[in-house]
file entry37.cif (mmCIF, C-alpha atoms and all ligand atoms)
data_entry
#
loop_
_atom_site.group_PDB
_atom_site.id
_atom_site.type_symbol
_atom_site.label_atom_id
_atom_site.label_comp_id
_atom_site.auth_asym_id
_atom_site.auth_seq_id
_atom_site.Cartn_x
_atom_site.Cartn_y
_atom_site.Cartn_z
ATOM 1 C CA MET A 173 128.497 189.967 120.849
ATOM 2 C CA ARG A 174 127.817 192.809 118.433
ATOM 3 C CA THR A 175 128.057 196.452 119.277
ATOM 4 C CA VAL A 176 125.083 198.345 117.851
ATOM 5 C CA TYR A 177 124.200 202.017 117.625
ATOM 6 C CA VAL A 178 120.974 203.355 119.124
ATOM 7 C CA ASN A 179 120.145 207.053 119.342
ATOM 8 C CA GLY A 180 123.687 208.268 119.892
ATOM 9 C CA ASP A 181 125.084 205.341 121.889
ATOM 10 C CA TYR A 182 127.314 202.427 120.941
ATOM 11 C CA ILE A 183 126.086 199.568 123.130
ATOM 12 C CA PRO A 184 126.045 195.741 123.264
ATOM 13 C CA GLU A 185 123.129 194.356 121.224
ATOM 14 C CA THR A 186 121.535 192.835 124.336
ATOM 15 C CA GLU A 187 121.281 196.265 125.938
ATOM 16 C CA ALA A 188 119.683 197.987 122.946
ATOM 17 C CA THR A 189 116.070 199.019 123.497
ATOM 18 C CA VAL A 190 113.379 201.001 121.671
ATOM 19 C CA SER A 191 109.996 202.100 123.084
ATOM 20 C CA ILE A 192 106.923 199.912 122.498
ATOM 21 C CA PHE A 193 105.283 203.145 121.282
ATOM 22 C CA ASP A 194 107.872 203.631 118.551
ATOM 23 C CA ARG A 195 106.024 204.260 115.291
ATOM 24 C CA GLY A 196 108.379 201.912 113.499
ATOM 25 C CA PHE A 197 107.062 199.109 115.709
ATOM 26 C CA LEU A 198 103.388 200.168 115.702
ATOM 27 C CA MET A 199 102.986 201.398 112.108
ATOM 28 C CA ALA A 200 106.058 200.494 110.046
ATOM 29 C CA ASP A 201 106.606 204.254 110.060
ATOM 30 C CA GLY A 202 110.280 204.167 109.269
ATOM 31 C CA VAL A 203 112.859 203.891 106.528
ATOM 32 C CA TYR A 204 116.047 201.906 106.164
ATOM 33 C CA GLU A 205 119.190 201.353 104.136
ATOM 34 C CA VAL A 206 121.547 198.412 103.756
ATOM 35 C CA THR A 207 125.131 199.139 102.750
ATOM 36 C CA SER A 208 127.508 196.343 101.838
ATOM 37 C CA VAL A 209 130.967 196.031 103.312
ATOM 38 C CA LEU A 210 133.777 194.482 101.286
ATOM 39 C CA GLY A 211 137.346 194.399 102.563
ATOM 40 C CA GLY A 212 136.152 196.412 105.562
ATOM 41 C CA LYS A 213 134.973 199.275 103.316
ATOM 42 C CA LEU A 214 131.536 200.648 102.473
ATOM 43 C CA ILE A 215 130.182 200.130 98.971
ATOM 44 C CA ASP A 216 128.131 202.899 97.283
ATOM 45 C CA PHE A 217 127.768 204.755 100.603
ATOM 46 C CA ASP A 218 126.956 208.130 99.037
ATOM 47 C CA GLY A 219 124.143 206.611 96.988
ATOM 48 C CA HIS A 220 122.571 205.003 100.049
ATOM 49 C CA LEU A 221 122.824 208.249 102.007
ATOM 50 C CA ALA A 222 121.196 210.227 99.184
ATOM 51 C CA ARG A 223 118.332 207.734 98.936
ATOM 52 C CA LEU A 224 117.885 207.799 102.718
ATOM 53 C CA GLU A 225 117.526 211.560 102.611
ATOM 54 C CA ARG A 226 114.951 211.257 99.836
ATOM 55 C CA SER A 227 112.946 208.609 101.755
ATOM 56 C CA LEU A 228 112.860 210.884 104.817
ATOM 57 C CA THR A 229 111.741 213.859 102.735
ATOM 58 C CA GLU A 230 108.976 211.881 101.001
ATOM 59 C CA LEU A 231 107.583 210.912 104.441
ATOM 60 C CA ASP A 232 107.922 214.415 105.949
ATOM 61 C CA MET A 233 110.454 213.149 108.457
ATOM 62 C CA LEU A 234 113.210 215.449 109.630
ATOM 63 C CA LYS A 235 116.810 214.318 109.347
ATOM 64 C CA PRO A 236 117.956 213.118 112.766
ATOM 65 C CA ALA A 237 120.781 215.034 114.439
ATOM 66 C CA ALA A 238 123.120 212.116 113.715
ATOM 67 C CA PHE A 239 122.537 212.363 109.956
ATOM 68 C CA ASP A 240 125.777 214.226 109.283
ATOM 69 C CA ASP A 241 127.727 211.650 111.307
ATOM 70 C CA LEU A 242 126.367 208.610 109.490
ATOM 71 C CA LEU A 243 129.581 207.825 107.633
ATOM 72 C CA ASP A 244 131.541 207.888 110.899
ATOM 73 C CA ILE A 245 128.922 205.743 112.641
ATOM 74 C CA HIS A 246 129.006 203.176 109.814
ATOM 75 C CA ARG A 247 132.795 203.066 109.924
ATOM 76 C CA GLU A 248 132.929 202.782 113.693
ATOM 77 C CA LEU A 249 130.506 199.834 113.708
ATOM 78 C CA VAL A 250 132.484 198.110 110.944
ATOM 79 C CA ARG A 251 135.652 198.651 112.971
ATOM 80 C CA VAL A 252 134.453 197.541 116.417
ATOM 81 C CA ASN A 253 132.610 194.530 115.025
ATOM 82 C CA GLU A 254 135.559 193.620 112.785
ATOM 83 C CA ILE A 255 133.443 193.321 109.644
ATOM 84 C CA ASP A 256 135.441 192.319 106.601
ATOM 85 C CA GLU A 257 132.526 191.213 104.392
ATOM 86 C CA GLY A 258 128.944 191.906 105.372
ATOM 87 C CA MET A 259 126.430 194.675 105.738
ATOM 88 C CA VAL A 260 125.500 197.679 107.805
ATOM 89 C CA TYR A 261 121.762 197.989 108.422
ATOM 90 C CA LEU A 262 120.394 201.427 109.260
ATOM 91 C CA GLN A 263 116.855 202.289 110.298
ATOM 92 C CA ILE A 264 115.265 205.624 111.114
ATOM 93 C CA THR A 265 111.708 205.771 112.417
ATOM 94 C CA ARG A 266 109.429 208.677 113.262
ATOM 95 C CA GLY A 267 110.088 207.871 116.923
ATOM 96 C CA SER A 268 107.683 207.703 119.825
ATOM 97 C CA ASP A 269 105.567 210.359 121.501
ATOM 98 C CA GLY A 270 104.550 207.908 124.213
ATOM 99 C CA ASP A 271 101.195 206.781 122.786
ATOM 100 C CA ARG A 272 99.551 205.388 119.647
ATOM 101 C CA ASP A 273 97.959 207.826 117.219
ATOM 102 C CA PHE A 274 97.554 207.847 113.434
ATOM 103 C CA VAL A 275 98.452 211.526 113.360
ATOM 104 C CA PHE A 276 102.174 212.166 113.011
ATOM 105 C CA PRO A 277 103.706 213.556 116.209
ATOM 106 C CA ASP A 278 105.192 217.056 116.063
ATOM 107 C CA PRO A 279 108.687 216.595 114.580
ATOM 108 C CA GLU A 280 109.946 219.522 116.655
ATOM 109 C CA THR A 281 109.272 217.656 119.902
ATOM 110 C CA THR A 282 109.513 213.978 118.856
ATOM 111 C CA GLU A 283 112.996 212.804 117.928
ATOM 112 C CA PRO A 284 113.356 210.138 115.264
ATOM 113 C CA THR A 285 114.711 206.791 116.441
ATOM 114 C CA ILE A 286 117.948 205.799 114.773
ATOM 115 C CA VAL A 287 119.385 202.306 114.918
ATOM 116 C CA LEU A 288 122.339 200.752 113.112
ATOM 117 C CA PHE A 289 123.800 197.261 113.332
ATOM 118 C CA THR A 290 126.237 195.167 111.353
ATOM 119 C CA GLN A 291 125.840 191.706 109.845
ATOM 120 C CA SER A 292 128.961 189.694 109.186
ATOM 121 C CA LYS A 293 128.752 187.662 105.941
ATOM 122 C CA PRO A 294 132.088 186.093 105.108
ATOM 123 C CA GLY A 295 132.127 185.056 101.447
ATOM 124 C CA LEU A 296 129.544 187.691 100.436
ATOM 125 C CA ALA A 297 131.389 188.623 97.238
ATOM 126 C CA ASN A 298 131.903 184.980 96.321
ATOM 127 C CA SER A 299 128.433 183.585 97.025
ATOM 128 C CA PRO A 300 127.374 180.212 95.561
ATOM 129 C CA ALA A 301 124.250 181.876 94.094
ATOM 130 C CA ALA A 302 126.481 183.849 91.723
ATOM 131 C CA ARG A 303 127.715 180.552 90.268
ATOM 132 C CA THR A 304 124.505 178.501 90.345
ATOM 133 C CA GLY A 305 121.960 181.261 89.700
ATOM 134 C CA LEU A 306 118.599 181.773 91.370
ATOM 135 C CA LYS A 307 115.242 180.141 90.756
ATOM 136 C CA VAL A 308 112.366 182.598 90.930
ATOM 137 C CA ILE A 309 108.598 182.265 90.863
ATOM 138 C CA SER A 310 106.138 184.958 89.792
ATOM 139 C CA ILE A 311 103.617 186.358 92.252
ATOM 140 C CA PRO A 312 101.188 189.275 92.039
ATOM 141 C CA ASP A 313 102.626 192.560 93.322
ATOM 142 C CA GLN A 314 100.382 193.318 96.275
ATOM 143 C CA ARG A 315 102.482 196.038 97.889
ATOM 144 C CA TRP A 316 101.445 199.652 98.393
ATOM 145 C CA GLY A 317 101.901 202.331 95.716
ATOM 146 C CA ARG A 318 105.008 204.119 97.037
ATOM 147 C CA ARG A 319 107.625 201.435 96.492
ATOM 148 C CA ASP A 320 110.163 204.143 95.672
ATOM 149 C CA ILE A 321 110.332 204.940 99.396
ATOM 150 C CA LYS A 322 112.491 202.433 101.251
ATOM 151 C CA THR A 323 110.163 201.799 104.200
ATOM 152 C CA VAL A 324 110.434 199.007 106.739
ATOM 153 C CA GLN A 325 107.009 197.787 105.619
ATOM 154 C CA LEU A 326 108.398 194.484 104.332
ATOM 155 C CA LEU A 327 105.640 192.023 105.149
ATOM 156 C CA TYR A 328 104.558 191.315 101.581
ATOM 157 C CA PRO A 329 108.113 190.877 100.270
ATOM 158 C CA SER A 330 108.698 188.560 103.214
ATOM 159 C CA MET A 331 105.568 186.565 102.322
ATOM 160 C CA GLY A 332 106.820 186.459 98.737
ATOM 161 C CA LYS A 333 110.103 184.875 99.836
ATOM 162 C CA MET A 334 108.112 182.278 101.788
ATOM 163 C CA MET A 335 105.920 181.510 98.747
ATOM 164 C CA ALA A 336 109.116 181.000 96.745
ATOM 165 C CA LYS A 337 110.593 178.771 99.427
ATOM 166 C CA ALA A 338 107.406 176.680 99.570
ATOM 167 C CA GLN A 339 107.857 175.980 95.847
ATOM 168 C CA GLY A 340 111.536 175.132 96.148
ATOM 169 C CA ALA A 341 112.608 178.457 94.607
ATOM 170 C CA ASP A 342 114.887 181.199 95.942
ATOM 171 C CA ASP A 343 112.920 184.345 95.331
ATOM 172 C CA ALA A 344 109.835 185.840 93.712
ATOM 173 C CA TRP A 345 109.429 188.384 90.919
ATOM 174 C CA MET A 346 106.369 190.512 91.415
ATOM 175 C CA ILE A 347 103.922 191.109 88.579
ATOM 176 C CA GLU A 348 101.599 194.031 87.959
ATOM 177 C CA ASP A 349 99.447 194.286 84.820
ATOM 178 C CA GLY A 350 101.435 191.439 83.273
ATOM 179 C CA HIS A 351 104.748 193.257 83.766
ATOM 180 C CA VAL A 352 107.531 192.488 86.201
ATOM 181 C CA THR A 353 107.999 195.228 88.796
ATOM 182 C CA GLU A 354 110.967 193.836 90.754
ATOM 183 C CA GLY A 355 112.141 191.012 92.999
ATOM 184 C CA THR A 356 111.156 190.898 96.678
ATOM 185 C CA SER A 357 114.438 192.590 97.634
ATOM 186 C CA ASN A 358 116.165 193.349 94.336
ATOM 187 C CA ASN A 359 115.713 194.923 90.917
ATOM 188 C CA ALA A 360 114.957 192.597 87.999
ATOM 189 C CA TYR A 361 116.552 192.464 84.528
ATOM 190 C CA ILE A 362 116.386 190.414 81.382
ATOM 191 C CA VAL A 363 118.787 190.173 78.453
ATOM 192 C CA SER A 364 117.346 189.619 74.982
ATOM 193 C CA GLY A 365 119.369 189.743 71.783
ATOM 194 C CA GLY A 366 122.274 191.294 73.723
ATOM 195 C CA ARG A 367 120.119 194.125 75.116
ATOM 196 C CA ILE A 368 119.745 194.593 78.867
ATOM 197 C CA VAL A 369 116.173 195.486 79.819
ATOM 198 C CA THR A 370 115.071 196.673 83.270
ATOM 199 C CA ARG A 371 111.989 198.521 84.423
ATOM 200 C CA HIS A 372 112.144 202.323 84.266
ATOM 201 C CA LEU A 373 112.138 204.335 87.490
ATOM 202 C CA SER A 374 108.758 205.363 88.927
ATOM 203 C CA ASN A 375 106.851 204.958 92.197
ATOM 204 C CA ASP A 376 106.341 201.293 91.232
ATOM 205 C CA ILE A 377 109.848 200.162 92.174
ATOM 206 C CA LEU A 378 112.653 200.933 94.549
ATOM 207 C CA HIS A 379 115.311 203.054 92.868
ATOM 208 C CA GLY A 380 118.108 200.593 93.505
ATOM 209 C CA ILE A 381 121.515 202.038 94.251
ATOM 210 C CA THR A 382 123.107 198.947 92.708
ATOM 211 C CA ARG A 383 120.792 199.334 89.700
ATOM 212 C CA ALA A 384 122.045 202.887 89.083
ATOM 213 C CA ALA A 385 125.680 201.797 89.309
ATOM 214 C CA VAL A 386 125.241 198.673 87.166
ATOM 215 C CA LEU A 387 123.424 200.591 84.411
ATOM 216 C CA ARG A 388 126.169 203.219 84.424
ATOM 217 C CA PHE A 389 128.894 200.563 84.141
ATOM 218 C CA ALA A 390 126.950 198.723 81.435
ATOM 219 C CA ARG A 391 126.665 201.912 79.344
ATOM 220 C CA GLU A 392 130.324 202.733 79.900
ATOM 221 C CA ALA A 393 131.152 199.252 78.597
ATOM 222 C CA GLN A 394 129.080 200.035 75.448
ATOM 223 C CA MET A 395 126.394 197.531 76.395
ATOM 224 C CA ASP A 396 122.896 198.130 75.091
ATOM 225 C CA VAL A 397 120.508 199.166 77.907
ATOM 226 C CA GLU A 398 116.781 199.800 77.753
ATOM 227 C CA GLU A 399 114.777 201.053 80.742
ATOM 228 C CA ARG A 400 111.181 199.939 80.266
ATOM 229 C CA ALA A 401 108.664 197.551 81.752
ATOM 230 C CA PHE A 402 108.940 193.968 80.457
ATOM 231 C CA THR A 403 106.339 191.230 80.660
ATOM 232 C CA LEU A 404 106.616 187.916 82.452
ATOM 233 C CA ASP A 405 106.318 186.192 79.050
ATOM 234 C CA GLU A 406 109.260 188.201 77.717
ATOM 235 C CA ALA A 407 111.281 187.208 80.756
ATOM 236 C CA LYS A 408 110.515 183.546 80.166
ATOM 237 C CA GLN A 409 111.692 183.875 76.545
ATOM 238 C CA ALA A 410 114.811 185.889 77.437
ATOM 239 C CA ASP A 411 118.382 184.728 76.863
ATOM 240 C CA GLU A 412 119.400 185.714 80.387
ATOM 241 C CA ALA A 413 117.938 187.172 83.551
ATOM 242 C CA PHE A 414 119.482 188.606 86.685
ATOM 243 C CA VAL A 415 118.841 190.710 89.779
ATOM 244 C CA THR A 416 120.786 193.450 91.547
ATOM 245 C CA SER A 417 120.872 194.615 95.156
ATOM 246 C CA ALA A 418 123.367 196.020 97.623
ATOM 247 C CA SER A 419 123.857 192.659 99.313
ATOM 248 C CA THR A 420 123.802 190.370 96.263
ATOM 249 C CA PHE A 421 125.460 192.711 93.708
ATOM 250 C CA VAL A 422 124.579 191.135 90.341
ATOM 251 C CA THR A 423 123.161 187.617 90.635
ATOM 252 C CA PRO A 424 121.921 185.512 87.696
ATOM 253 C CA VAL A 425 118.401 184.096 87.525
ATOM 254 C CA VAL A 426 118.297 180.715 85.779
ATOM 255 C CA GLU A 427 114.688 179.632 86.211
ATOM 256 C CA ILE A 428 111.310 181.382 86.199
ATOM 257 C CA ASP A 429 108.201 179.486 87.322
ATOM 258 C CA GLY A 430 110.010 176.177 86.870
ATOM 259 C CA ALA A 431 111.152 176.820 83.281
ATOM 260 C CA PRO A 432 114.812 177.481 82.405
ATOM 261 C CA VAL A 433 115.832 180.974 81.285
ATOM 262 C CA GLY A 434 117.911 180.611 78.112
ATOM 263 C CA SER A 435 120.268 177.699 78.646
ATOM 264 C CA GLY A 436 119.206 177.412 82.297
ATOM 265 C CA THR A 437 122.693 178.367 83.454
ATOM 266 C CA PRO A 438 124.136 181.755 84.484
ATOM 267 C CA GLY A 439 124.597 183.938 81.427
ATOM 268 C CA PRO A 440 127.729 185.767 80.228
ATOM 269 C CA ILE A 441 126.304 189.294 80.467
ATOM 270 C CA ALA A 442 125.244 188.848 84.106
ATOM 271 C CA ALA A 443 128.674 187.380 84.893
ATOM 272 C CA ARG A 444 130.462 190.262 83.175
ATOM 273 C CA LEU A 445 128.323 192.875 84.948
ATOM 274 C CA ARG A 446 128.959 191.238 88.304
ATOM 275 C CA GLU A 447 132.678 191.337 87.670
ATOM 276 C CA ILE A 448 132.637 194.992 86.557
ATOM 277 C CA TYR A 449 130.383 196.014 89.453
ATOM 278 C CA LEU A 450 132.578 194.339 92.068
ATOM 279 C CA ASP A 451 135.794 195.719 90.550
ATOM 280 C CA GLU A 452 134.533 199.269 90.165
ATOM 281 C CA SER A 453 132.704 199.535 93.469
ATOM 282 C CA LEU A 454 135.691 198.157 95.360
ATOM 283 C CA LYS A 455 137.783 200.911 93.788
ATOM 284 C CA SER A 456 135.416 203.589 95.091
ATOM 285 C CA ALA A 457 134.652 201.911 98.456
ATOM 286 C CA ILE A 458 135.219 204.155 101.470
HETATM 287 N N1 LIG B 1 114.000 196.513 95.154
HETATM 288 C C1 LIG B 1 113.590 196.187 96.401
HETATM 289 C C2 LIG B 1 112.149 195.942 96.639
HETATM 290 C C3 LIG B 1 114.538 196.068 97.443
HETATM 291 O O1 LIG B 1 114.130 195.757 98.686
HETATM 292 C C4 LIG B 1 115.908 196.271 97.160
HETATM 293 C C5 LIG B 1 116.958 196.109 98.211
HETATM 294 N N2 LIG B 1 116.766 196.919 99.298
HETATM 295 C C6 LIG B 1 116.276 196.608 95.851
HETATM 296 C C7 LIG B 1 115.286 196.723 94.881
HETATM 297 C C8 LIG B 1 117.708 196.864 95.478
HETATM 298 O O2 LIG B 1 118.150 198.106 95.947
HETATM 299 P P1 LIG B 1 119.674 198.384 96.270
HETATM 300 O O3 LIG B 1 120.452 198.057 95.043
HETATM 301 O O4 LIG B 1 119.724 199.809 96.609
HETATM 302 O O5 LIG B 1 120.021 197.479 97.419
#
call {"tool": "encode", "arguments": {"input": "entry37.cif", "output": "C-alpha cells", "more": "lines below"}}
Ligand code: PMP
result
Amino acid sequence: MRTVYVNGDYIPETEATVSIFDRGFLMADGVYEVTSVLGGKLIDFDGHLARLERSLTELDMLKPAAFDDLLDIHRELVRVNEIDEGMVYLQITRGSDGDRDFVFPDPETTEPTIVLFTQSKPGLANSPAARTGLKVISIPDQRWGRRDIKTVQLLYPSMGKMMAKAQGADDAWMIEDGHVTEGTSNNAYIVSGGRIVTRHLSNDILHGITRAAVLRFAREAQMDVEERAFTLDEAKQADEAFVTSASTFVTPVVEIDGAPVGSGTPGPIAARLREIYLDESLKSAI
C-alpha cells in the first residue's frame, strides 16, 4: 500500500481524507504538478516548482506552509514507496471553509489543502509508444481561456482522450481557429524541412516544463526551432510530429486523423530529441 502525504502527514493511502467542502472537489479550485522519477530521482523539479508558484499566484492562492519543504516531501515519498521509475503527483487546492460559496474564503483563515502521492511506472523511460508512435485525432479546443494555469479542471482533456479512444487513437490534438493548441496532456510539435515548430507561449497553452527543456536542448544542438502557431493542415503535411510532457518525455506522433505523418513511422528528429532529453535530464535529476 502506498504512503501518501496530506496536509503535513505521511499516511497510508486508505487513511487519507479531504473534506467534502474542499474547493478542489466542489469547484476544481486547485492546481497540480506531475514530476517524473527516473532512477529514483526527480526530473526537472525546479521547473515544476517554479510553475506551481506561478499557478498559485495567478489564482491568488497563498503558498502553503509546506511549500519550502516540497523537495523533501517528494524525496521522502519516492523513498518510502520505493519508486524507481514513475511520477510524483502534487495537488494544492484553496481548501475548505466548511461550506460552499463562490466567493474565495479568506486565505488568512483557510489553509490550502496539499496532497502528494506517487505512481510507480516501471519501464517509463522505455515505453512502447516511443517506438511505435502515437495516433492522434483532432478535436475542437473547448477548454477555458487560462490554459497557462495548471488547474485540476481536466474534464475536457479527459473527454478528449475518450473521443480518441473511441476512434482507436491514443490522444487528441486540440484545434482553435484552425491552429493546433496542444495535446490533451502534452505540448504538440511538427517538423517540416528540418525545422521544429511548436506553438508560442500564451494563455492558450500550458507552458510545459518539458517543452522548455526540449527547446533549449534542440537549440544547443543547433537544431532549427520556430515558436509559432501551426495549422492542422500543416501538421498533416509535416515530415514528423511529436509531443512532450513530464511523463512521456518526447513521444513521436505517427498519425493524425487517420492519415500517416510523413512516412507514418517515428521520425529521426523526435528520436534524437528524446535521447538528448533523457540523457540531459538524468544528469540534472535530483
Ligand atoms: N499541455 C497540457 C494541457 C498538459 O496537461 C501537460 C502535462 N501536464 C503539458 C502540456 C506538458 O507539460 P509538462 O511538460 O510540464 O508536463
call {"tool": "atom_distance", "arguments": {"input": "entry37.cif", "atom1": "atom CA of Asn358 of chain A", "atom2": "atom CA of Ser417 of chain A"}}
result
4.9 Å
call {"tool": "residues_near_ligand", "arguments": {"input": "entry37.cif", "ligand": "ligand LIG 1 (chain B)", "cutoff": "8 Å", "atoms": "all atoms listed in the file", "output": "list in words"}}
result
Glu205, Val206, Thr207, His220, Arg319, Lys322, Pro329, Glu354, Gly355, Thr356, Ser357, Asn358, Asn359, Ile377, Leu378, His379, Gly380, Ile381, Thr382, Arg383, Ala384, Thr416, Ser417, Ala418, Ser419 and Phe421 of chain A
call {"tool": "residues_around", "arguments": {"input": "entry37.cif", "residues": "segment 447-454 of chain A", "least_positions_apart": "2", "cutoff": "10 Å", "atoms": "only C-alpha atoms", "output": "PyMOL selection string"}}
result
chain A and resi 209-211+213-216+297+382+385-390+393+421-422+441-445+456-458
call {"tool": "write_last_selection", "arguments": {"input": "entry37.cif", "atoms": "C-alpha atoms", "output": "CSV table (one decimal), in the frame of the given file"}}
result
chain,number,residue,atom,x,y,z
A,209,VAL,CA,131.0,196.0,103.3
A,210,LEU,CA,133.8,194.5,101.3
A,211,GLY,CA,137.3,194.4,102.6
A,213,LYS,CA,135.0,199.3,103.3
A,214,LEU,CA,131.5,200.6,102.5
A,215,ILE,CA,130.2,200.1,99.0
A,216,ASP,CA,128.1,202.9,97.3
A,297,ALA,CA,131.4,188.6,97.2
A,382,THR,CA,123.1,198.9,92.7
A,385,ALA,CA,125.7,201.8,89.3
A,386,VAL,CA,125.2,198.7,87.2
A,387,LEU,CA,123.4,200.6,84.4
A,388,ARG,CA,126.2,203.2,84.4
A,389,PHE,CA,128.9,200.6,84.1
A,390,ALA,CA,127.0,198.7,81.4
A,393,ALA,CA,131.2,199.3,78.6
A,421,PHE,CA,125.5,192.7,93.7
A,422,VAL,CA,124.6,191.1,90.3
A,441,ILE,CA,126.3,189.3,80.5
A,442,ALA,CA,125.2,188.8,84.1
A,443,ALA,CA,128.7,187.4,84.9
A,444,ARG,CA,130.5,190.3,83.2
A,445,LEU,CA,128.3,192.9,84.9
A,456,SER,CA,135.4,203.6,95.1
A,457,ALA,CA,134.7,201.9,98.5
A,458,ILE,CA,135.2,204.2,101.5
call {"tool": "residues_around", "arguments": {"input": "entry37.cif", "residues": "segment 264-280 of chain A", "least_positions_apart": "6", "cutoff": "6 Å", "atoms": "all atoms listed in the file", "output": "PyMOL selection string"}}
result
chain A and resi 193-196+201-203+286
call {"tool": "closest_residue", "arguments": {"input": "entry37.cif", "among": "A:Thr189, A:Thr175, A:Ser208, A:Thr423", "to": "Leu306 of chain A", "atoms": "all atoms listed in the file"}}
result
A:Thr423
call {"tool": "resolve_selection", "arguments": {"input": "entry37.cif", "expression": "the PyMOL selection byres (((chain A and resi 353) around 12) and not hetatm)", "output": "JSON, numbers by chain"}}
result
{"A": [310, 311, 312, 313, 314, 315, 317, 319, 320, 344, 345, 346, 347, 348, 349, 350, 351, 352, 354, 355, 356, 357, 358, 359, 360, 361, 370, 371, 372, 373, 374, 375, 376, 377, 378, 379, 400, 401, 402, 403, 404, 407, 415]}
call {"tool": "write_last_selection", "arguments": {"input": "entry37.cif", "atoms": "C-alpha atoms", "output": "mmCIF file, keeping the file's coordinate frame"}}
result
data_model
loop_
_atom_site.group_PDB
_atom_site.id
_atom_site.type_symbol
_atom_site.label_atom_id
_atom_site.label_comp_id
_atom_site.auth_asym_id
_atom_site.auth_seq_id
_atom_site.Cartn_x
_atom_site.Cartn_y
_atom_site.Cartn_z
ATOM 1 C CA SER A 310 106.138 184.958 89.792
ATOM 2 C CA ILE A 311 103.617 186.358 92.252
ATOM 3 C CA PRO A 312 101.188 189.275 92.039
ATOM 4 C CA ASP A 313 102.626 192.560 93.322
ATOM 5 C CA GLN A 314 100.382 193.318 96.275
ATOM 6 C CA ARG A 315 102.482 196.038 97.889
ATOM 7 C CA GLY A 317 101.901 202.331 95.716
ATOM 8 C CA ARG A 319 107.625 201.435 96.492
ATOM 9 C CA ASP A 320 110.163 204.143 95.672
ATOM 10 C CA ALA A 344 109.835 185.840 93.712
ATOM 11 C CA TRP A 345 109.429 188.384 90.919
ATOM 12 C CA MET A 346 106.369 190.512 91.415
ATOM 13 C CA ILE A 347 103.922 191.109 88.579
ATOM 14 C CA GLU A 348 101.599 194.031 87.959
ATOM 15 C CA ASP A 349 99.447 194.286 84.820
ATOM 16 C CA GLY A 350 101.435 191.439 83.273
ATOM 17 C CA HIS A 351 104.748 193.257 83.766
ATOM 18 C CA VAL A 352 107.531 192.488 86.201
ATOM 19 C CA GLU A 354 110.967 193.836 90.754
ATOM 20 C CA GLY A 355 112.141 191.012 92.999
ATOM 21 C CA THR A 356 111.156 190.898 96.678
ATOM 22 C CA SER A 357 114.438 192.590 97.634
ATOM 23 C CA ASN A 358 116.165 193.349 94.336
ATOM 24 C CA ASN A 359 115.713 194.923 90.917
ATOM 25 C CA ALA A 360 114.957 192.597 87.999
ATOM 26 C CA TYR A 361 116.552 192.464 84.528
ATOM 27 C CA THR A 370 115.071 196.673 83.270
ATOM 28 C CA ARG A 371 111.989 198.521 84.423
ATOM 29 C CA HIS A 372 112.144 202.323 84.266
ATOM 30 C CA LEU A 373 112.138 204.335 87.490
ATOM 31 C CA SER A 374 108.758 205.363 88.927
ATOM 32 C CA ASN A 375 106.851 204.958 92.197
ATOM 33 C CA ASP A 376 106.341 201.293 91.232
ATOM 34 C CA ILE A 377 109.848 200.162 92.174
ATOM 35 C CA LEU A 378 112.653 200.933 94.549
ATOM 36 C CA HIS A 379 115.311 203.054 92.868
ATOM 37 C CA ARG A 400 111.181 199.939 80.266
ATOM 38 C CA ALA A 401 108.664 197.551 81.752
ATOM 39 C CA PHE A 402 108.940 193.968 80.457
ATOM 40 C CA THR A 403 106.339 191.230 80.660
ATOM 41 C CA LEU A 404 106.616 187.916 82.452
ATOM 42 C CA ALA A 407 111.281 187.208 80.756
ATOM 43 C CA VAL A 415 118.841 190.710 89.779
#
call {"tool": "decode", "arguments": {"input": "entry37.cif", "residues": "segment 222-233 of chain A", "atoms": "N, CA and C atoms", "output": "mmCIF file, in the first residue's frame"}}
result
data_model
loop_
_atom_site.group_PDB
_atom_site.id
_atom_site.type_symbol
_atom_site.label_atom_id
_atom_site.label_comp_id
_atom_site.auth_asym_id
_atom_site.auth_seq_id
_atom_site.Cartn_x
_atom_site.Cartn_y
_atom_site.Cartn_z
ATOM 1 N N ALA A 222 8.681 26.063 -9.901
ATOM 2 C CA ALA A 222 8.503 27.451 -10.358
ATOM 3 C C ALA A 222 7.130 27.625 -10.999
ATOM 4 N N ARG A 223 6.710 26.628 -11.805
ATOM 5 C CA ARG A 223 5.392 26.749 -12.434
ATOM 6 C C ARG A 223 4.277 26.658 -11.385
ATOM 7 N N LEU A 224 4.471 25.818 -10.383
ATOM 8 C CA LEU A 224 3.485 25.701 -9.308
ATOM 9 C C LEU A 224 3.289 27.052 -8.627
ATOM 10 N N GLU A 225 4.388 27.708 -8.352
ATOM 11 C CA GLU A 225 4.331 29.009 -7.684
ATOM 12 C C GLU A 225 3.565 30.007 -8.556
ATOM 13 N N ARG A 226 3.835 29.951 -9.856
ATOM 14 C CA ARG A 226 3.145 30.857 -10.782
ATOM 15 C C ARG A 226 1.651 30.552 -10.821
ATOM 16 N N SER A 227 1.273 29.272 -10.875
ATOM 17 C CA SER A 227 -0.151 28.900 -10.897
ATOM 18 C C SER A 227 -0.855 29.436 -9.655
ATOM 19 N N LEU A 228 -0.209 29.291 -8.493
ATOM 20 C CA LEU A 228 -0.800 29.766 -7.238
ATOM 21 C C LEU A 228 -0.996 31.283 -7.298
ATOM 22 N N THR A 229 0.034 31.986 -7.757
ATOM 23 C CA THR A 229 -0.040 33.441 -7.839
ATOM 24 C C THR A 229 -1.172 33.884 -8.760
ATOM 25 N N GLU A 230 -1.278 33.240 -9.923
ATOM 26 C CA GLU A 230 -2.308 33.631 -10.903
ATOM 27 C C GLU A 230 -3.713 33.452 -10.333
ATOM 28 N N LEU A 231 -3.876 32.529 -9.375
ATOM 29 C CA LEU A 231 -5.199 32.267 -8.784
ATOM 30 C C LEU A 231 -5.353 32.921 -7.415
ATOM 31 N N ASP A 232 -4.430 33.827 -7.065
ATOM 32 C CA ASP A 232 -4.485 34.495 -5.752
ATOM 33 C C ASP A 232 -4.524 33.506 -4.598
ATOM 34 N N MET A 233 -3.802 32.409 -4.748
ATOM 35 C CA MET A 233 -3.692 31.459 -3.641
ATOM 36 C C MET A 233 -2.345 31.669 -2.953
#
